[in-house]
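Step one of this worksheet: look at the structure below.
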Amino acid sequence: MFKYTRFEKARIIGARALQIAMGAPVLVDVPEGSTPLQAAMIEFEKGAIPITVIRPG
């Protein structure tokens, strides 16, 4: 798996949590009553977030 910096990780999880909060479907099974942030963190841990990082250079 690709190694992300802490800033990239925060941006990816935050952006995905916002998507989930706005009604996007959750891509993995999460416990009932999970917040959008918790769901995004679970997706990140499982590598299921469809967001890519492009680094300059």
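Ligands are numbered from 1 in the order shown, residues from 1 within each chain, and chains are lettered A, B, ... in the order they appear in the structure tokens.
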Please identify all polymer residues within 12 Å of Ile42 in chain A, counting only C-alpha atoms, omitting same-chain residues fewer than 3 positions from it, and present them as an MDAnalysis selection string.
chainID A and resid 13 16:17 26:31 34:39 45:49
If you run DSSP on this backbone, which residues of chain A come out as helix (DSSP H, G or I), and could you give them as a list in words?
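Of chain A, only Arg6, Phe7, Glu8, Lys9, Ala10, Arg11, Ile12, Ile13, Gly14, Ala15, Arg16, Ala17, Leu18, Gln19, Ile20, Ala21, Pro36, Leu37, Gln38, Ala39, Ala40, Met41, Ile42, Glu43, Phe44, Glu45 and Lys46 of chain A fall in helix (DSSP H, G or I).
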What would the file look like if the residues just selected were written as an mmCIF file, in the first residue's frame with C-alpha atoms?
data_model
loop_
_atom_site.group_PDB
_atom_site.id
_atom_site.type_symbol
_atom_site.label_atom_id
_atom_site.label_comp_id
_atom_site.auth_asym_id
_atom_site.auth_seq_id
_atom_site.Cartn_x
_atom_site.Cartn_y
_atom_site.Cartn_z
ATOM 1 C CA ARG A 6 -0.162 12.712 7.795
ATOM 2 C CA PHE A 7 -1.404 15.744 5.844
ATOM 3 C CA GLU A 8 -2.471 13.665 2.849
ATOM 4 C CA LYS A 9 -4.212 11.208 5.146
ATOM 5 C CA ALA A 10 -6.099 14.013 6.915
ATOM 6 C CA ARG A 11 -7.146 15.568 3.608
ATOM 7 C CA ILE A 12 -8.317 12.255 2.119
ATOM 8 C CA ILE A 13 -10.304 11.214 5.197
ATOM 9 C CA GLY A 14 -11.794 14.690 5.613
ATOM 10 C CA ALA A 15 -12.862 14.923 1.976
ATOM 11 C CA ARG A 16 -14.392 11.445 2.059
ATOM 12 C CA ALA A 17 -16.210 12.163 5.342
ATOM 13 C CA LEU A 18 -17.745 15.253 3.733
ATOM 14 C CA GLN A 19 -18.860 13.173 0.746
ATOM 15 C CA ILE A 20 -20.481 10.610 3.051
ATOM 16 C CA ALA A 21 -22.154 13.356 5.095
ATOM 17 C CA PRO A 36 -19.300 10.006 8.538
ATOM 18 C CA LEU A 37 -15.797 10.537 9.932
ATOM 19 C CA GLN A 38 -15.683 7.056 11.439
ATOM 20 C CA ALA A 39 -16.963 5.563 8.180
ATOM 21 C CA ALA A 40 -14.290 7.434 6.210
ATOM 22 C CA MET A 41 -11.566 6.213 8.566
ATOM 23 C CA ILE A 42 -12.727 2.607 8.165
ATOM 24 C CA GLU A 43 -12.732 3.022 4.378
ATOM 25 C CA PHE A 44 -9.207 4.466 4.511
ATOM 26 C CA GLU A 45 -7.912 1.584 6.619
ATOM 27 C CA LYS A 46 -9.370 -0.919 4.144
#
